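Reviewing the structure listed below.
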Amino acid sequence: MSEQASPSPVQTRRDGDVLVVSINNPPVNALGQAVRAGLQAAVEQLEQDAAIRAMLIVGQGKAFIAGADIREFGKPPLAPFLPEVLNRMEASNKLVVAAIHGPALGGGMEVAMATHYRLALQNAAGGAKLGLPEVNLGLLPGAGGTQRSPRLMGALPAAELMLSGKHLSAKAALAAGLVDKLGEGEDPEAAGLAYVRELLASGAPVRRSCDLQVADKAAALTALEQLAKDNAKKTRGLFSPAKIIDCVKAAIELPFAEGVKRERALFLECLNSPQRAGLVHAFFSERETSKIPEARAAKPRHFAKIAIIGGGTMGAGITVSALDAGLAVVMIERDAEAIVRGQKNVEKVYDGLIAKGRMTAEAKAATMARYTPATSYDDIADVDLVIEAVFEDLEVKKAVFKELDRVCKSGAVLATNTSYLDIDAIADVTRRPQDVIGLHFFSPANIMKLLEIVVPSKVAPDVVVTAFELAKRMKKVPVRAGVCDGFIGNRILAVYRDAANNMMEDGASPYEIDAAVREFGYPMGPFQVGDLAGGDIGWATRKRKAATRDPKARYVEIADRIAERGWFGQKTGRGWYLYPEGARTGQQDPEVLAIVDAERKKKGIQVRAFSHEEIMRRYMAAMVNEGAKVLEEGIALRPLDIDVTFLFGYGFPRFRGGPMQWADMQGLDKVLADIEAFAKEDAQFWQPAALLKKLVAEGKNFASLNQR
Ligand code: HSC
Ligand code: NAD
């Protein structure tokens, strides 16, 4: 037995006549340059050492190999390149075997497919997971994956795997033909060595994926054609899915070496696309938001039993999230009737899942066993954490927090789900402002991933950390926000909604604005969203704020004219759009256009046309400018926190990375120039953020503020 002394992340050792190659590149054994070089060296050793009969590849730690090192994308490529390393490895005349005990994703699954035999382990930690999730990063598998997977598993299943980015369990991978054998346990080296010995003893031949042909080529091509049609409808605006289908077509029609060339060309197109940059930014940003200053100083408080005050839309959704996270929940409502309604709101969610076959009645019963309905605050004296979700009214919330202060045990975390209200003021009615925090869930709370964690001035660091821990348990994406009207998301939303209203009054129809926003990549435009949420909510907020509105600021009354007619959107059958007979997709309404026109005339506005491009420039400039103000005030920690807020809470197209990343990709000087040009028409609305001006003057971008 000999040890390799180098500090390479790829360690090799001899176990008799087997070369054991162990990838040790924490946290997930990504295939960075040093790993590729180490793997290449191992293949050379296999080729050169006559005493070695086989090679076993395993991953150390939790993963087999999670794929290419995503941090290398966009930087100059460094040899050796994975496709060549894998081709050389596959070409070996000695057995090469992979033993997979955790994630084998992207390039990791490509490594596995280039071996001759694959063993997948099942274990309590989740076991082997095989997948080609490159599509989520705007890419396609670029190390032979698009050519080997159709040969191993069939063209259609391979294309579907790559288009979905889904992971297959060990069992599913066996059924799909991706692996040859299942094993148990968490020690891939021991299980892998046993498998290699078994193969050697039985005289198993070298088998290469590249030598296989895709089964039933004519049928595969027909199926792929249909998939391409469905895909075009589904993947609105995405670049790499169609290229994946092209690669699979090449796998069917071309010899392996030709197919690999095609794959390389299309991979490079994807790599150089702005979508790849946006999606990679989204990938890392999503993981960065929980890196907050408080985490360095404090540990989370223990929580197992929580209370939710209010069983309306939000209270019920939050209850479902908490129950699904394994917590015990006491729900408090105002009276017996309201708590019955609250419980029904919760059960409705589970009954929906049962109807769709996604939950059993037994599982619902087991979940609901952790739910306790109550109408008295005395029933929550022992809870560890409370989330208040009563009406959006400061006085009502203050009264609730006084009650919480009276009954809750010392050290209980007291959270409010307010959308806009001053959490410092809420904290100050208690004798324990250090325990009070904002947990701003989004509707529907059991579905939406975003959780804004709003940090008031007196809160203790361990309460902030507890909130992040709760987000993790609930599988939410947390973003740290400061206290201001609307926090990060709703504050910025208010500004770009105003920009949309201004454009509408100046000449763009709500339908044109919605269409431009959808073309940009949003699932819906702002007026469609308004109809979905209900026009009454915004109307009530506008009325509440009317007294404090700056009289010099432009105010567009069109939305009020619509709301005054009781046209609140989908729930009333009409809003900005018409929804005949409960339709979910709205139709354009000439009466709305007439109202818009009348309002323009009333103000004597010179109507002009807006192109979709112009609409988006204003919409985005308003978003980015307010984002910069949110940053300079410290409401958001970093630009990436704003990006994540919009990606996970407001439908911002992920392939654009988020509004601040979008701005960087445009060039901040261009965005600022737009704002300054728009300011010539309305200097009050278009006041450039000082931070934006500073960054432009210094030749910097928002990304420079992410690296703190
Ligand atoms: C690819 O493989 C392309 C190939 O086709 C090769 C093409 C070659 C072409 C050459 C042509 C010439 N890289 O998620 P977690 C970090 S594309 C770098 O919190 P979990 C992550 O940022 C890749 N870093 O853990 C985090 O860092 P932090 C396809 C990576 O246990 C830490 O690891 N593969 C990384 O919840 C922990 O991550 C994928 O898309 C990577 N590949 O989940 C898989 N992956 O601690 C992406 C992770 O500093 N990864 N990190 O914050 C995942 O899905 C999840 O991370 C796992 C683990 C399921 C692996
Ligand atoms: P809702 O009207 O659907 O529900 C409020 C519930 O609180 C009602 O069931 C009411 O009976 C109950 N309630 C009122 N006073 C109470 C009291 N003193 N004790 C116990 N229960 C009481 O409202 P919602 O949409 O669920 O909103 C709740 C909170 O969540 C608000 O602060 C709102 O701003 C915030 N929020 C709402 C949304 C949304 O989209 N609906 C999104 C994020 C945050």
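Identifiers for the structure tokens are assigned positionally: chains receive A, B, ... in sequence, residues are indexed from 1 per chain, and ligands are indexed from 1 in the order shown.
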
Select the residues contacting ligand 2 at a distance of at most 6 Å, based on only C-alpha atoms and all ligand atoms, then format the selection as a PyMOL selection string.
-> chain A and resi 309-315+332-334+338+389-392+400+417-419+440-443

Enumerate residues in contact with ligand 1: an atom-to-atom distance of at most 8 Å, counting only C-alpha atoms and all ligand atoms. Format the result as a PyMOL selection string.
-> chain A and resi 26-32+62-63+65-71+77+81-83+103-108+110+132-134+136-137+139-145+264+267-268+283-284+287-288

Please return as a PDB file with C-alpha atoms, in the first residue's frame: the residues of region 87-304 of chain A that backbone DSSP assigns to helix (DSSP H, G or I).
```
ATOM      1  CA  ASN A  87     -12.882  10.089 -22.393  1.00  0.00           C
ATOM      2  CA  ARG A  88      -9.430   8.898 -21.449  1.00  0.00           C
ATOM      3  CA  MET A  89     -10.719   7.208 -18.314  1.00  0.00           C
ATOM      4  CA  GLU A  90     -13.537   5.470 -20.202  1.00  0.00           C
ATOM      5  CA  ALA A  91     -11.072   4.282 -22.852  1.00  0.00           C
ATOM      6  CA  GLY A 107     -20.184  16.696 -13.888  1.00  0.00           C
ATOM      7  CA  GLY A 108     -20.341  14.224 -10.986  1.00  0.00           C
ATOM      8  CA  MET A 109     -22.890  12.089 -12.772  1.00  0.00           C
ATOM      9  CA  GLU A 110     -20.844  12.522 -15.935  1.00  0.00           C
ATOM     10  CA  VAL A 111     -17.828  11.053 -14.132  1.00  0.00           C
ATOM     11  CA  ALA A 112     -19.999   8.121 -13.055  1.00  0.00           C
ATOM     12  CA  MET A 113     -21.344   7.558 -16.559  1.00  0.00           C
ATOM     13  CA  PRO A 133     -29.171  19.850 -13.003  1.00  0.00           C
ATOM     14  CA  GLU A 134     -27.081  22.074 -15.313  1.00  0.00           C
ATOM     15  CA  VAL A 135     -30.301  23.523 -16.749  1.00  0.00           C
ATOM     16  CA  ASN A 136     -30.848  25.320 -13.431  1.00  0.00           C
ATOM     17  CA  LEU A 137     -27.620  27.210 -14.090  1.00  0.00           C
ATOM     18  CA  GLY A 145     -23.386  13.835 -20.236  1.00  0.00           C
ATOM     19  CA  THR A 146     -25.778  14.660 -23.057  1.00  0.00           C
ATOM     20  CA  GLN A 147     -24.253  11.857 -25.122  1.00  0.00           C
ATOM     21  CA  ARG A 148     -23.818   9.147 -22.505  1.00  0.00           C
ATOM     22  CA  SER A 149     -27.153   9.555 -20.667  1.00  0.00           C
ATOM     23  CA  PRO A 150     -29.357   8.853 -23.740  1.00  0.00           C
ATOM     24  CA  ARG A 151     -27.222   5.810 -24.500  1.00  0.00           C
ATOM     25  CA  LEU A 152     -27.607   4.480 -20.962  1.00  0.00           C
ATOM     26  CA  MET A 153     -31.187   5.359 -20.128  1.00  0.00           C
ATOM     27  CA  ALA A 155     -33.291   9.406 -25.258  1.00  0.00           C
ATOM     28  CA  LEU A 156     -36.576  10.607 -23.796  1.00  0.00           C
ATOM     29  CA  PRO A 157     -35.880   9.763 -20.120  1.00  0.00           C
ATOM     30  CA  ALA A 158     -32.428  11.356 -20.479  1.00  0.00           C
ATOM     31  CA  ALA A 159     -33.844  14.525 -22.037  1.00  0.00           C
ATOM     32  CA  GLU A 160     -36.503  14.714 -19.333  1.00  0.00           C
ATOM     33  CA  LEU A 161     -33.898  14.258 -16.606  1.00  0.00           C
ATOM     34  CA  MET A 162     -31.779  17.077 -18.042  1.00  0.00           C
ATOM     35  CA  LEU A 163     -34.725  19.416 -18.658  1.00  0.00           C
ATOM     36  CA  SER A 164     -36.148  18.934 -15.171  1.00  0.00           C
ATOM     37  CA  ALA A 170     -30.384   5.048  -5.969  1.00  0.00           C
ATOM     38  CA  LYS A 171     -33.422   2.884  -6.679  1.00  0.00           C
ATOM     39  CA  ALA A 172     -34.733   5.144  -9.431  1.00  0.00           C
ATOM     40  CA  ALA A 173     -31.268   5.321 -11.003  1.00  0.00           C
ATOM     41  CA  LEU A 174     -31.124   1.521 -11.046  1.00  0.00           C
ATOM     42  CA  ALA A 175     -34.558   1.336 -12.659  1.00  0.00           C
ATOM     43  CA  ALA A 176     -33.467   3.942 -15.231  1.00  0.00           C
ATOM     44  CA  PRO A 188     -18.551   3.857  -0.415  1.00  0.00           C
ATOM     45  CA  GLU A 189     -14.971   2.642  -0.222  1.00  0.00           C
ATOM     46  CA  ALA A 190     -15.763  -0.643   1.542  1.00  0.00           C
ATOM     47  CA  ALA A 191     -18.885  -1.305  -0.540  1.00  0.00           C
ATOM     48  CA  GLY A 192     -17.102  -0.244  -3.721  1.00  0.00           C
ATOM     49  CA  LEU A 193     -14.088  -2.463  -3.096  1.00  0.00           C
ATOM     50  CA  ALA A 194     -16.338  -5.454  -2.467  1.00  0.00           C
ATOM     51  CA  TYR A 195     -18.093  -4.719  -5.770  1.00  0.00           C
ATOM     52  CA  VAL A 196     -14.836  -4.313  -7.693  1.00  0.00           C
ATOM     53  CA  ARG A 197     -13.576  -7.649  -6.310  1.00  0.00           C
ATOM     54  CA  GLU A 198     -16.843  -9.294  -7.317  1.00  0.00           C
ATOM     55  CA  LEU A 199     -16.500  -7.892 -10.859  1.00  0.00           C
ATOM     56  CA  LEU A 200     -12.876  -8.970 -11.132  1.00  0.00           C
ATOM     57  CA  ALA A 201     -13.659 -12.443  -9.826  1.00  0.00           C
ATOM     58  CA  SER A 209     -21.265   3.972 -22.433  1.00  0.00           C
ATOM     59  CA  CYS A 210     -19.810   5.622 -25.540  1.00  0.00           C
ATOM     60  CA  ASP A 211     -19.991   2.306 -27.409  1.00  0.00           C
ATOM     61  CA  LYS A 217     -33.750   5.737 -32.995  1.00  0.00           C
ATOM     62  CA  ALA A 218     -36.831   6.529 -35.112  1.00  0.00           C
ATOM     63  CA  ALA A 219     -39.200   6.406 -32.137  1.00  0.00           C
ATOM     64  CA  ALA A 220     -36.725   8.373 -30.040  1.00  0.00           C
ATOM     65  CA  LEU A 221     -36.586  11.158 -32.644  1.00  0.00           C
ATOM     66  CA  THR A 222     -40.378  11.378 -32.830  1.00  0.00           C
ATOM     67  CA  ALA A 223     -40.678  11.524 -29.042  1.00  0.00           C
ATOM     68  CA  LEU A 224     -38.007  14.190 -28.922  1.00  0.00           C
ATOM     69  CA  GLU A 225     -39.828  16.317 -31.482  1.00  0.00           C
ATOM     70  CA  GLN A 226     -42.938  16.342 -29.312  1.00  0.00           C
ATOM     71  CA  LEU A 227     -40.818  17.131 -26.254  1.00  0.00           C
ATOM     72  CA  ALA A 228     -39.264  20.069 -28.099  1.00  0.00           C
ATOM     73  CA  LYS A 229     -42.736  21.472 -28.841  1.00  0.00           C
ATOM     74  CA  ASP A 230     -43.928  21.093 -25.227  1.00  0.00           C
ATOM     75  CA  ASN A 231     -40.663  22.520 -23.980  1.00  0.00           C
ATOM     76  CA  ALA A 232     -40.951  25.655 -26.111  1.00  0.00           C
ATOM     77  CA  LYS A 233     -44.263  26.397 -24.403  1.00  0.00           C
ATOM     78  CA  LYS A 234     -43.025  25.587 -20.898  1.00  0.00           C
ATOM     79  CA  SER A 240     -30.403  26.150 -22.512  1.00  0.00           C
ATOM     80  CA  PRO A 241     -33.402  23.738 -22.582  1.00  0.00           C
ATOM     81  CA  ALA A 242     -33.685  23.826 -26.377  1.00  0.00           C
ATOM     82  CA  LYS A 243     -29.929  23.260 -26.633  1.00  0.00           C
ATOM     83  CA  ILE A 244     -30.234  20.199 -24.398  1.00  0.00           C
ATOM     84  CA  ILE A 245     -32.782  18.761 -26.802  1.00  0.00           C
ATOM     85  CA  ASP A 246     -30.416  19.507 -29.716  1.00  0.00           C
ATOM     86  CA  CYS A 247     -27.680  17.565 -27.928  1.00  0.00           C
ATOM     87  CA  VAL A 248     -29.917  14.559 -27.336  1.00  0.00           C
ATOM     88  CA  LYS A 249     -30.838  14.628 -31.018  1.00  0.00           C
ATOM     89  CA  ALA A 250     -27.121  14.532 -31.779  1.00  0.00           C
ATOM     90  CA  ALA A 251     -26.742  11.550 -29.445  1.00  0.00           C
ATOM     91  CA  ILE A 252     -29.336   9.694 -31.485  1.00  0.00           C
ATOM     92  CA  GLU A 253     -28.080  10.675 -34.930  1.00  0.00           C
ATOM     93  CA  PHE A 256     -20.229   9.568 -30.054  1.00  0.00           C
ATOM     94  CA  ALA A 257     -17.206  11.678 -30.988  1.00  0.00           C
ATOM     95  CA  GLU A 258     -19.308  13.899 -33.257  1.00  0.00           C
ATOM     96  CA  GLY A 259     -22.018  14.220 -30.640  1.00  0.00           C
ATOM     97  CA  VAL A 260     -19.455  15.325 -28.073  1.00  0.00           C
ATOM     98  CA  LYS A 261     -18.242  18.047 -30.440  1.00  0.00           C
ATOM     99  CA  ARG A 262     -21.790  19.317 -30.857  1.00  0.00           C
ATOM    100  CA  GLU A 263     -22.257  19.225 -27.099  1.00  0.00           C
ATOM    101  CA  ARG A 264     -19.072  21.265 -26.586  1.00  0.00           C
ATOM    102  CA  ALA A 265     -20.183  23.947 -29.038  1.00  0.00           C
ATOM    103  CA  LEU A 266     -23.620  24.272 -27.466  1.00  0.00           C
ATOM    104  CA  PHE A 267     -22.185  24.144 -23.926  1.00  0.00           C
ATOM    105  CA  LEU A 268     -19.954  27.113 -24.748  1.00  0.00           C
ATOM    106  CA  GLU A 269     -22.928  29.049 -26.151  1.00  0.00           C
ATOM    107  CA  CYS A 270     -24.755  28.474 -22.882  1.00  0.00           C
ATOM    108  CA  LEU A 271     -21.675  29.277 -20.803  1.00  0.00           C
ATOM    109  CA  PRO A 274     -26.167  36.242 -19.852  1.00  0.00           C
ATOM    110  CA  GLN A 275     -28.688  33.715 -18.544  1.00  0.00           C
ATOM    111  CA  ARG A 276     -25.865  31.547 -17.204  1.00  0.00           C
ATOM    112  CA  ALA A 277     -24.450  34.554 -15.355  1.00  0.00           C
ATOM    113  CA  GLY A 278     -27.888  35.388 -13.929  1.00  0.00           C
ATOM    114  CA  LEU A 279     -28.649  31.847 -12.834  1.00  0.00           C
ATOM    115  CA  VAL A 280     -25.240  31.246 -11.247  1.00  0.00           C
ATOM    116  CA  HIS A 281     -25.646  34.525  -9.357  1.00  0.00           C
ATOM    117  CA  ALA A 282     -29.050  33.298  -8.157  1.00  0.00           C
ATOM    118  CA  PHE A 283     -27.550  29.945  -7.058  1.00  0.00           C
ATOM    119  CA  PHE A 284     -24.892  31.514  -4.847  1.00  0.00           C
ATOM    120  CA  SER A 285     -27.039  34.415  -3.616  1.00  0.00           C
ATOM    121  CA  GLU A 286     -29.690  32.021  -2.362  1.00  0.00           C
ATOM    122  CA  ARG A 287     -27.018  30.403  -0.206  1.00  0.00           C
ATOM    123  CA  GLU A 288     -25.461  33.685   0.943  1.00  0.00           C
ATOM    124  CA  PRO A 293     -23.538  39.297  11.223  1.00  0.00           C
ATOM    125  CA  GLU A 294     -25.607  37.937  14.136  1.00  0.00           C
ATOM    126  CA  ALA A 295     -24.703  34.342  13.214  1.00  0.00           C
ATOM    127  CA  ARG A 296     -21.108  34.977  14.261  1.00  0.00           C
ATOM    128  CA  ALA A 297     -22.115  36.038  17.754  1.00  0.00           C
TER     129      ALA A 297
END
```

Coordinates-based distance that separates CA of Ala481 (chain A) from CA of Ala559 (chain A) (Å, one decimal) |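 Separation between CA of Ala559 (chain A) and CA of Ala481 (chain A): 29.0 Å.
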
Close residues, Asn706 (chain A) itself excluded, 8 Å, only C-alpha atoms, min 6 positions apart in chain, as a list in words =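 The residues that qualify are Arg638, Pro639 and Leu640 of chain A.
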
Requested write-out: N, CA, C and O atoms of the selected residues, as a tab-separated table (two decimals), in the first residue's frame:
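Contents of part-v2.tsv, as written:
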```
chain	number	residue	atom	x	y	z
A	638	ARG	N	-26.88	43.50	1.57
A	638	ARG	CA	-26.08	43.47	0.34
A	638	ARG	C	-27.03	43.50	-0.85
A	638	ARG	O	-28.20	43.10	-0.72
A	639	PRO	N	-26.54	43.87	-2.04
A	639	PRO	CA	-27.41	43.82	-3.22
A	639	PRO	C	-28.02	42.44	-3.42
A	639	PRO	O	-29.18	42.32	-3.82
A	640	LEU	N	-27.27	41.39	-3.11
A	640	LEU	CA	-27.79	40.05	-3.35
A	640	LEU	C	-29.02	39.75	-2.51
A	640	LEU	O	-29.86	38.92	-2.87
```

Write out as a ChimeraX atom specification each polymer residue whose atoms come within 9 Å of Lys398 (chain A), counting only C-alpha atoms; drop sequence neighbours fewer than 5 positions from it.
-> /A:393,403,425-430

Any chance you could list, as a list in words, the residues in region 43-104 of chain A that come up strand (DSSP E or B) when DSSP is run on the backbone?
->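 Taking region 43-104 of chain A and keeping strand (DSSP E or B) gives Ala54, Met55, Leu56, Ile57, Val58, Gly59, Ile65, Ala68, Leu95, Val96, Val97, Ala98, Ala99, Ile100, Pro103 and Ala104 of chain A.
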
Taking N, CA and C atoms for each residue, export the selection above as a PDB file, in the first residue's frame.
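What follows is the written file out.pdb:
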```pdb
ATOM      1  N   ALA A  54      -7.749  -2.603 -11.579  1.00  0.00           N
ATOM      2  CA  ALA A  54      -9.022  -1.863 -11.626  1.00  0.00           C
ATOM      3  C   ALA A  54      -8.902  -0.579 -10.814  1.00  0.00           C
ATOM      4  N   MET A  55      -9.822   0.325 -11.097  1.00  0.00           N
ATOM      5  CA  MET A  55      -9.818   1.599 -10.365  1.00  0.00           C
ATOM      6  C   MET A  55     -11.219   1.831  -9.787  1.00  0.00           C
ATOM      7  N   LEU A  56     -11.246   2.277  -8.530  1.00  0.00           N
ATOM      8  CA  LEU A  56     -12.525   2.590  -7.871  1.00  0.00           C
ATOM      9  C   LEU A  56     -12.546   4.084  -7.554  1.00  0.00           C
ATOM     10  N   ILE A  57     -13.626   4.764  -7.920  1.00  0.00           N
ATOM     11  CA  ILE A  57     -13.738   6.195  -7.586  1.00  0.00           C
ATOM     12  C   ILE A  57     -14.803   6.368  -6.513  1.00  0.00           C
ATOM     13  N   VAL A  58     -14.428   7.074  -5.444  1.00  0.00           N
ATOM     14  CA  VAL A  58     -15.388   7.394  -4.376  1.00  0.00           C
ATOM     15  C   VAL A  58     -15.235   8.858  -3.988  1.00  0.00           C
ATOM     16  N   GLY A  59     -16.255   9.374  -3.327  1.00  0.00           N
ATOM     17  CA  GLY A  59     -16.186  10.733  -2.803  1.00  0.00           C
ATOM     18  C   GLY A  59     -16.105  10.688  -1.293  1.00  0.00           C
ATOM     19  N   ILE A  65     -19.751  13.510  -6.038  1.00  0.00           N
ATOM     20  CA  ILE A  65     -19.218  14.736  -6.666  1.00  0.00           C
ATOM     21  C   ILE A  65     -20.432  15.564  -7.080  1.00  0.00           C
ATOM     22  N   ALA A  68     -19.324  20.283 -11.689  1.00  0.00           N
ATOM     23  CA  ALA A  68     -18.243  21.225 -11.964  1.00  0.00           C
ATOM     24  C   ALA A  68     -18.196  22.251 -10.840  1.00  0.00           C
ATOM     25  N   LEU A  95     -10.779  -2.173 -15.586  1.00  0.00           N
ATOM     26  CA  LEU A  95     -12.099  -1.807 -15.055  1.00  0.00           C
ATOM     27  C   LEU A  95     -12.054  -0.509 -14.265  1.00  0.00           C
ATOM     28  N   VAL A  96     -13.016   0.362 -14.534  1.00  0.00           N
ATOM     29  CA  VAL A  96     -13.179   1.587 -13.741  1.00  0.00           C
ATOM     30  C   VAL A  96     -14.587   1.547 -13.151  1.00  0.00           C
ATOM     31  N   VAL A  97     -14.664   1.730 -11.839  1.00  0.00           N
ATOM     32  CA  VAL A  97     -15.943   1.572 -11.140  1.00  0.00           C
ATOM     33  C   VAL A  97     -16.187   2.797 -10.258  1.00  0.00           C
ATOM     34  N   ALA A  98     -17.459   3.222 -10.175  1.00  0.00           N
ATOM     35  CA  ALA A  98     -17.809   4.317  -9.259  1.00  0.00           C
ATOM     36  C   ALA A  98     -18.688   3.756  -8.157  1.00  0.00           C
ATOM     37  N   ALA A  99     -18.420   4.139  -6.914  1.00  0.00           N
ATOM     38  CA  ALA A  99     -19.320   3.789  -5.804  1.00  0.00           C
ATOM     39  C   ALA A  99     -19.879   5.112  -5.276  1.00  0.00           C
ATOM     40  N   ILE A 100     -21.199   5.273  -5.416  1.00  0.00           N
ATOM     41  CA  ILE A 100     -21.841   6.575  -5.176  1.00  0.00           C
ATOM     42  C   ILE A 100     -22.682   6.487  -3.905  1.00  0.00           C
ATOM     43  N   PRO A 103     -24.769  12.851  -3.363  1.00  0.00           N
ATOM     44  CA  PRO A 103     -25.042  13.514  -4.647  1.00  0.00           C
ATOM     45  C   PRO A 103     -23.962  13.243  -5.706  1.00  0.00           C
ATOM     46  N   ALA A 104     -24.415  12.790  -6.891  1.00  0.00           N
ATOM     47  CA  ALA A 104     -23.560  12.678  -8.081  1.00  0.00           C
ATOM     48  C   ALA A 104     -24.278  13.516  -9.129  1.00  0.00           C
TER      49      ALA A 104
END
```

Excluding same-chain residues fewer than 5 positions from Leu404 (chain A), what lies within 10 Å of it counting only C-alpha atoms, as a PyMOL selection string?
-> chain A and resi 309+377-378+380-381+386+388+398-399+409+412+414+430

Deliver the residues from the most recent selection as a file, using N, CA and C atoms, as a PDB file, in the first residue's frame.
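Printed below is result_28.pdb as written:
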```pdb
ATOM      1  N   ILE A 309     -50.999  33.601  16.040  1.00  0.00           N
ATOM      2  CA  ILE A 309     -52.155  34.408  16.422  1.00  0.00           C
ATOM      3  C   ILE A 309     -52.848  34.860  15.147  1.00  0.00           C
ATOM      4  N   TYR A 377     -55.414  33.399  25.404  1.00  0.00           N
ATOM      5  CA  TYR A 377     -53.955  33.560  25.419  1.00  0.00           C
ATOM      6  C   TYR A 377     -53.302  32.713  26.506  1.00  0.00           C
ATOM      7  N   ASP A 378     -54.100  32.357  27.533  1.00  0.00           N
ATOM      8  CA  ASP A 378     -53.508  31.564  28.609  1.00  0.00           C
ATOM      9  C   ASP A 378     -53.018  30.205  28.114  1.00  0.00           C
ATOM     10  N   ILE A 380     -51.123  29.689  25.691  1.00  0.00           N
ATOM     11  CA  ILE A 380     -49.815  29.721  25.022  1.00  0.00           C
ATOM     12  C   ILE A 380     -48.686  30.123  25.972  1.00  0.00           C
ATOM     13  N   ALA A 381     -48.937  29.930  27.250  1.00  0.00           N
ATOM     14  CA  ALA A 381     -47.936  30.331  28.245  1.00  0.00           C
ATOM     15  C   ALA A 381     -46.622  29.563  28.072  1.00  0.00           C
ATOM     16  N   VAL A 386     -43.782  32.814  19.043  1.00  0.00           N
ATOM     17  CA  VAL A 386     -45.133  33.218  18.619  1.00  0.00           C
ATOM     18  C   VAL A 386     -45.024  33.972  17.298  1.00  0.00           C
ATOM     19  N   GLU A 388     -47.443  36.431  15.128  1.00  0.00           N
ATOM     20  CA  GLU A 388     -48.729  37.134  15.081  1.00  0.00           C
ATOM     21  C   GLU A 388     -49.072  37.432  13.629  1.00  0.00           C
ATOM     22  N   LYS A 398     -50.641  46.116  18.567  1.00  0.00           N
ATOM     23  CA  LYS A 398     -50.097  46.505  19.880  1.00  0.00           C
ATOM     24  C   LYS A 398     -50.853  45.790  20.992  1.00  0.00           C
ATOM     25  N   ALA A 399     -52.183  45.713  20.849  1.00  0.00           N
ATOM     26  CA  ALA A 399     -52.990  45.039  21.877  1.00  0.00           C
ATOM     27  C   ALA A 399     -52.584  43.563  21.971  1.00  0.00           C
ATOM     28  N   LYS A 409     -43.842  32.889  28.281  1.00  0.00           N
ATOM     29  CA  LYS A 409     -42.738  32.633  29.211  1.00  0.00           C
ATOM     30  C   LYS A 409     -41.540  33.504  28.840  1.00  0.00           C
ATOM     31  N   ALA A 412     -39.339  33.629  25.302  1.00  0.00           N
ATOM     32  CA  ALA A 412     -40.092  33.245  24.099  1.00  0.00           C
ATOM     33  C   ALA A 412     -39.845  34.316  23.023  1.00  0.00           C
ATOM     34  N   LEU A 414     -41.055  36.614  20.083  1.00  0.00           N
ATOM     35  CA  LEU A 414     -42.356  37.175  19.706  1.00  0.00           C
ATOM     36  C   LEU A 414     -42.224  37.829  18.330  1.00  0.00           C
ATOM     37  N   THR A 430     -44.063  46.154  24.651  1.00  0.00           N
ATOM     38  CA  THR A 430     -43.762  45.027  25.546  1.00  0.00           C
ATOM     39  C   THR A 430     -42.645  45.433  26.513  1.00  0.00           C
TER      40      THR A 430
END
```

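Between CA of Leu578 (chain A) and CA of Val592 (chain A) the interatomic distance comes to 9.4 Å.
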
A:Phe303, A:Tyr511, A:Phe685, A:Phe239 ranked by distance to Gln587 (chain A), top pick (using only C-alpha atoms) = A:Tyr511

Considering only C-alpha atoms, state which residue in the set A:Pro653, A:Leu421, A:Val413, A:Glu681 is at the smallest distance from Pro433 (chain A).
->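 Nearest to Pro433 (chain A): A:Val413.
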